[in-house]
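Enquirer: Provided below: model21.cif, containing mmCIF, C-alpha atoms.
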```cif
data_upload
loop_
_atom_site.label_atom_id
_atom_site.label_comp_id
_atom_site.auth_asym_id
_atom_site.auth_seq_id
_atom_site.Cartn_x
_atom_site.Cartn_y
_atom_site.Cartn_z
CA MET A 1 -2.97 24.14 1.38
CA LYS A 2 0.75 24.36 2.09
CA THR A 3 3.22 22.50 -0.06
CA GLN A 4 5.37 21.91 3.04
CA THR A 5 2.78 19.50 4.47
CA SER A 6 4.06 15.92 4.59
CA LEU A 7 2.54 13.28 2.33
CA SER A 8 1.40 11.22 5.34
CA GLN A 9 -0.36 14.23 6.86
CA LEU A 10 -2.13 14.96 3.58
CA ALA A 11 -3.25 11.35 3.43
CA LEU A 12 -4.48 11.61 7.01
CA SER A 13 -6.26 14.93 6.81
CA ILE A 14 -7.94 14.82 3.39
CA PRO A 15 -10.45 12.03 2.65
CA GLY A 16 -9.58 10.46 -0.69
CA ALA A 17 -6.08 11.97 -0.78
CA THR A 18 -4.43 8.56 -0.96
CA ALA A 19 -5.90 7.98 -4.43
CA VAL A 20 -4.54 11.33 -5.66
CA LEU A 21 -1.08 10.75 -4.20
CA ARG A 22 -0.95 7.28 -5.67
CA LYS A 23 -2.09 8.61 -9.06
CA HIS A 24 0.99 10.84 -9.09
CA ARG A 25 3.20 8.00 -7.78
CA LEU A 26 3.89 9.79 -4.49
CA ASP A 27 4.72 7.39 -1.66
CA PHE A 28 2.54 8.46 1.27
CA CYS A 29 3.11 5.30 3.34
CA CYS A 30 6.81 4.43 3.65
CA GLY A 31 7.99 7.80 2.33
CA GLY A 32 5.25 9.77 4.02
CA LYS A 33 7.50 12.06 6.06
CA VAL A 34 8.62 13.93 2.94
CA SER A 35 6.83 17.21 2.15
CA LEU A 36 4.60 17.46 -0.91
CA GLU A 37 6.96 20.02 -2.44
CA GLU A 38 10.04 17.85 -1.95
CA ALA A 39 8.32 14.70 -3.21
CA CYS A 40 7.12 16.48 -6.36
CA ARG A 41 10.57 17.93 -6.96
CA GLU A 42 12.16 14.48 -6.67
CA ARG A 43 9.71 13.08 -9.22
CA ASN A 44 9.80 16.16 -11.45
CA ILE A 45 6.06 16.74 -11.00
CA ASP A 46 4.32 20.12 -10.99
CA VAL A 47 3.26 20.56 -7.37
CA ASN A 48 0.38 22.81 -8.43
CA THR A 49 -1.12 19.95 -10.45
CA VAL A 50 -1.18 17.74 -7.36
CA LEU A 51 -2.55 20.58 -5.24
CA ALA A 52 -5.36 21.11 -7.73
CA ASP A 53 -6.29 17.42 -7.59
CA LEU A 54 -6.26 17.45 -3.79
CA GLU A 55 -8.34 20.61 -3.57
CA ALA A 56 -10.91 19.16 -5.96
CA LEU A 57 -11.63 16.23 -3.65
CA GLU A 58 -15.10 16.07 -2.19
CA VAL A 59 -15.85 14.45 1.14
CA THR A 60 -18.21 11.51 0.67
CA GLN A 61 -19.86 9.02 3.00
CA GLU A 62 -17.41 6.39 1.79
CA ASN A 63 -14.36 8.28 3.08
CA LYS A 64 -14.13 7.01 6.63
CA ASP A 65 -12.24 9.14 9.13
CA TRP A 66 -10.02 6.39 10.52
CA ALA A 67 -7.78 8.91 12.28
CA ASN A 68 -10.39 9.34 15.01
CA LYS A 69 -11.76 5.80 15.25
CA PRO A 70 -11.11 3.61 18.33
CA LEU A 71 -7.89 1.61 18.03
CA ASN A 72 -9.67 -1.74 18.43
CA GLU A 73 -11.93 -0.85 15.50
CA ILE A 74 -8.94 0.05 13.33
CA ALA A 75 -7.08 -3.15 14.24
CA ASP A 76 -10.15 -5.25 13.46
CA HIS A 77 -10.62 -3.46 10.13
CA VAL A 78 -7.00 -4.10 9.12
CA ALA A 79 -7.27 -7.80 9.95
CA GLU A 80 -10.76 -8.41 8.58
CA PHE A 81 -10.45 -6.32 5.43
CA TYR A 82 -6.86 -5.83 4.30
CA HIS A 83 -5.34 -9.02 5.71
CA LYS A 84 -8.17 -11.19 4.46
CA ARG A 85 -8.07 -9.66 0.99
CA LEU A 86 -4.30 -10.01 0.73
CA ARG A 87 -4.51 -13.69 1.64
CA ASN A 88 -7.04 -14.15 -1.15
CA MET A 89 -5.38 -11.96 -3.76
CA PHE A 90 -1.84 -13.32 -3.80
CA PRO A 91 -2.53 -16.95 -4.85
CA GLU A 92 -4.63 -15.80 -7.83
CA LEU A 93 -2.08 -13.20 -8.91
CA ILE A 94 0.73 -15.75 -8.66
CA TRP A 95 -1.26 -18.16 -10.84
CA LEU A 96 -1.98 -15.46 -13.42
CA ALA A 97 1.65 -14.30 -13.50
CA ASP A 98 2.93 -17.84 -13.92
CA LYS A 99 0.52 -18.42 -16.80
CA VAL A 100 1.46 -15.19 -18.58
CA GLU A 101 5.17 -15.88 -18.18
CA LYS A 102 4.83 -19.38 -19.62
CA VAL A 103 2.36 -18.71 -22.45
CA HIS A 104 4.05 -15.51 -23.60
CA ALA A 105 7.65 -16.47 -22.84
CA ASP A 106 8.91 -15.13 -26.17
CA HIS A 107 7.17 -11.76 -25.96
CA PRO A 108 9.60 -8.86 -25.32
CA GLN A 109 7.27 -7.39 -22.69
CA THR A 110 6.67 -10.58 -20.75
CA PRO A 111 7.03 -9.81 -17.00
CA LYS A 112 9.81 -12.34 -16.43
CA GLY A 113 10.42 -13.11 -12.76
CA LEU A 114 7.07 -11.65 -11.70
CA SER A 115 5.63 -14.91 -10.41
CA ALA A 116 8.69 -15.60 -8.27
CA HIS A 117 8.63 -12.06 -6.87
CA LEU A 118 4.95 -12.37 -6.00
CA GLN A 119 5.60 -15.66 -4.24
CA GLU A 120 8.33 -14.01 -2.17
CA MET A 121 6.06 -11.09 -1.31
CA HIS A 122 3.27 -13.50 -0.40
CA SER A 123 5.48 -15.47 1.97
CA ASP A 124 6.75 -12.30 3.63
CA MET A 125 3.22 -10.89 3.97
CA LEU A 126 1.82 -14.07 5.52
CA ASP A 127 4.54 -14.04 8.20
CA HIS A 128 4.08 -10.31 8.77
CA MET A 129 0.29 -10.43 9.09
CA THR A 130 0.42 -13.41 11.46
CA LYS A 131 2.76 -11.54 13.81
CA GLU A 132 0.46 -8.52 13.79
CA GLU A 133 -2.65 -10.58 14.47
CA GLN A 134 -1.12 -12.76 17.17
CA ILE A 135 1.13 -10.26 18.98
CA ILE A 136 0.62 -6.60 18.19
CA PHE A 137 -3.11 -6.25 17.62
CA PRO A 138 -4.06 -8.04 20.89
CA LEU A 139 -1.75 -5.72 22.85
CA ILE A 140 -3.23 -2.65 21.18
CA LYS A 141 -6.81 -3.82 21.72
CA ASN A 142 -6.05 -4.46 25.40
CA GLY A 143 -4.73 -0.92 25.84
CA GLN A 144 -1.12 -2.09 26.05
CA GLY A 145 0.15 -0.56 22.83
CA THR A 146 3.07 1.16 24.57
CA ASN A 147 4.39 -2.31 25.45
CA ALA A 148 4.57 -3.18 21.76
CA TYR A 149 7.29 -0.64 20.90
CA MET A 150 9.86 -3.13 19.60
CA PRO A 151 7.41 -5.39 17.71
CA ILE A 152 5.88 -2.31 16.09
CA LYS A 153 9.32 -1.08 15.03
CA VAL A 154 9.97 -4.46 13.41
CA MET A 155 6.65 -4.24 11.55
CA GLN A 156 7.50 -0.73 10.37
CA GLU A 157 10.82 -2.00 9.05
CA ASP A 158 8.89 -4.73 7.24
CA HIS A 159 6.71 -2.03 5.71
CA VAL A 160 9.79 -0.41 4.19
CA SER A 161 10.63 -3.75 2.59
CA HIS A 162 7.06 -4.09 1.35
CA GLY A 163 7.35 -0.65 -0.25
CA ALA A 164 10.52 -1.76 -2.03
CA GLY A 165 8.70 -4.90 -3.12
CA LEU A 166 5.94 -2.81 -4.69
CA LYS A 167 8.47 -0.75 -6.62
CA LYS A 168 10.08 -3.90 -7.98
CA LEU A 169 6.60 -5.19 -8.84
CA ARG A 170 6.00 -2.17 -11.08
CA GLN A 171 9.39 -2.55 -12.71
CA LEU A 172 8.83 -6.22 -13.51
CA ALA A 173 5.29 -5.58 -14.79
CA PHE A 174 6.08 -2.57 -16.97
CA ASP A 175 4.07 -0.15 -14.80
CA PHE A 176 1.06 -2.47 -15.12
CA ILE A 177 0.57 -1.46 -18.77
CA ALA A 178 -0.26 -4.50 -20.88
CA PRO A 179 1.09 -4.52 -24.43
CA GLU A 180 -1.17 -3.97 -27.39
CA GLY A 181 -3.16 -7.09 -28.15
CA ALA A 182 -2.52 -8.62 -24.74
CA CYS A 183 -4.79 -11.50 -23.78
CA GLY A 184 -7.46 -11.29 -21.11
CA THR A 185 -5.26 -13.12 -18.60
CA TRP A 186 -2.49 -10.58 -19.04
CA ARG A 187 -4.85 -7.63 -18.68
CA SER A 188 -6.50 -9.22 -15.62
CA LEU A 189 -3.08 -9.76 -14.05
CA TYR A 190 -2.12 -6.10 -14.36
CA LYS A 191 -5.49 -4.90 -13.16
CA GLY A 192 -5.06 -7.13 -10.11
CA LEU A 193 -1.53 -5.87 -9.48
CA ASP A 194 -2.76 -2.28 -9.62
CA LEU A 195 -5.39 -3.08 -7.00
CA LEU A 196 -2.82 -4.93 -4.86
CA GLU A 197 -0.55 -1.89 -4.87
CA MET A 198 -3.37 0.46 -3.95
CA GLU A 199 -4.65 -1.63 -1.06
CA LEU A 200 -1.21 -2.47 0.32
CA MET A 201 -0.25 1.22 0.33
CA ASP A 202 -3.51 2.18 2.04
CA HIS A 203 -2.98 -0.69 4.48
CA ILE A 204 0.55 0.40 5.40
CA HIS A 205 -0.55 4.02 5.73
CA LEU A 206 -3.36 3.07 8.11
CA GLU A 207 -0.99 1.08 10.31
CA ASN A 208 2.08 3.35 10.27
CA ASN A 209 0.43 6.74 10.47
CA ILE A 210 -2.66 6.01 12.54
CA LEU A 211 -2.83 2.68 14.38
CA PHE A 212 0.80 2.29 15.43
CA MET A 213 1.41 5.98 16.05
CA ARG A 214 -1.59 6.35 18.32
CA ALA A 215 -0.92 3.03 20.09
CA LEU A 216 2.62 4.07 21.00
CA GLN A 217 1.39 7.40 22.34
CA GLY A 218 -0.73 5.53 24.88
#
```
Would you write the structure of this file as structure tokens?
Expert:
Amino acid sequence: MKTQTSLSQLALSIPGATAVLRKHRLDFCCGGKVSLEEACRERNIDVNTVLADLEALEVTQENKDWANKPLNEIADHVAEFYHKRLRNMFPELIWLADKVEKVHADHPQTPKGLSAHLQEMHSDMLDHMTKEEQIIFPLIKNGQGTNAYMPIKVMQEDHVSHGAGLKKLRQLAFDFIAPEGACGTWRSLYKGLDLLEMELMDHIHLENNILFMRALQG
């Protein structure tokens, strides 16, 4: 496996690679064009450690090869799985964050501003997903993906903003590490944020590097 391979290509070609890249905090969605070597150098990570984790992956029945699935199936999966889950996840996470911020207001590790940031992300995501479902996905499913060049570019720009939002999320929530003695609500909040980050990164990767790329190629 060559260290010059881009993060997005690794995520595309190796089932389960997204979990490994995320474990090492390597951005395979918005920053996916960077090579593994360069990304590791920027984060001061031993590239051989990442390579070892990638090479240890085993292909399982659960690792679906989305790169070769029909575009209509991919679009439906994004809408029915990722979009639906995001619409359900955000309200609960906002409620949990608001509760933690209020109940533990005096704690030095309280994630102050987290609830407001989640509300902003939620609003942006709702608008973004609606545009995809009402404009872009129908064009792609009708074989007219090449006509969606400009809307797709706008969505890709949104994805960059979503990536920045995830980084801020980690900063506000102390890398999702609850302090010693944290209550169940606090621990549940961070567990939920960790899942949100994972699914949103997988979601963006599936759209940017598979669905949109193939649609624009015609």
Enquirer: For the contact check between stretch 78-173 of chain A and stretch 193-212 of chain A, emit one row per residue of stretch 78-173 of chain A within 8 Å, containing the shortest atom pair and the distance in Å rounded to one decimal, counting all atoms listed in the file, chain then rising number order, as a tab-separated table.
Expert:
```
residue	atom	partner	partner_atom	distance
A:Val78	CA	A:His203	CA	7.0
A:Tyr82	CA	A:His203	CA	6.4
A:Leu86	CA	A:Leu196	CA	7.7
A:Met89	CA	A:Leu196	CA	7.6
A:Leu93	CA	A:Leu193	CA	7.4
A:Gly145	CA	A:Phe212	CA	8.0
A:Ile152	CA	A:Phe212	CA	6.9
A:Gln156	CA	A:Asn208	CA	6.8
A:His159	CA	A:Ile204	CA	6.6
A:Gly163	CA	A:Met201	CA	7.8
A:Leu166	CA	A:Glu197	CA	6.6
```
Enquirer: Taking the file as shown, find all residues satisfying the PyMOL selection byres ((chain A and resi 14-31) around 10) and write them as a ChimeraX atom specification.
Expert: /A:6-13,32-36,39-40,42-43,45,49-51,53-55,57-66,156-157,159-164,197-198,200-209
Enquirer: Could you give me, as JSON, numbers by chain, the residues within 9 Å of A:Arg187, counting all atoms listed in the file and dropping anything in the same chain fewer than 5 positions from it?
Expert: {"A": [176, 177, 178, 179, 182, 192]}
Enquirer: For the atom pair atom CA of A:Glu73 and atom CA of A:Met213, what is the interatomic distance in Å to one decimal place?
Expert: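 Atom CA of A:Met213 lies at a distance of 15.0 Å from atom CA of A:Glu73.
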Enquirer: Between atom CA of A:His117 and atom CA of A:Glu180, measure the distance and give it in Å to one decimal.
Expert: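 So the answer is 24.1 Å.
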Enquirer: Using Å and a single decimal, report how far atom CA of A:Asp124 sits from atom CA of A:Ala148.
Expert: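 Computed distance, atom CA of A:Ala148 to atom CA of A:Asp124, equals 20.4 Å.
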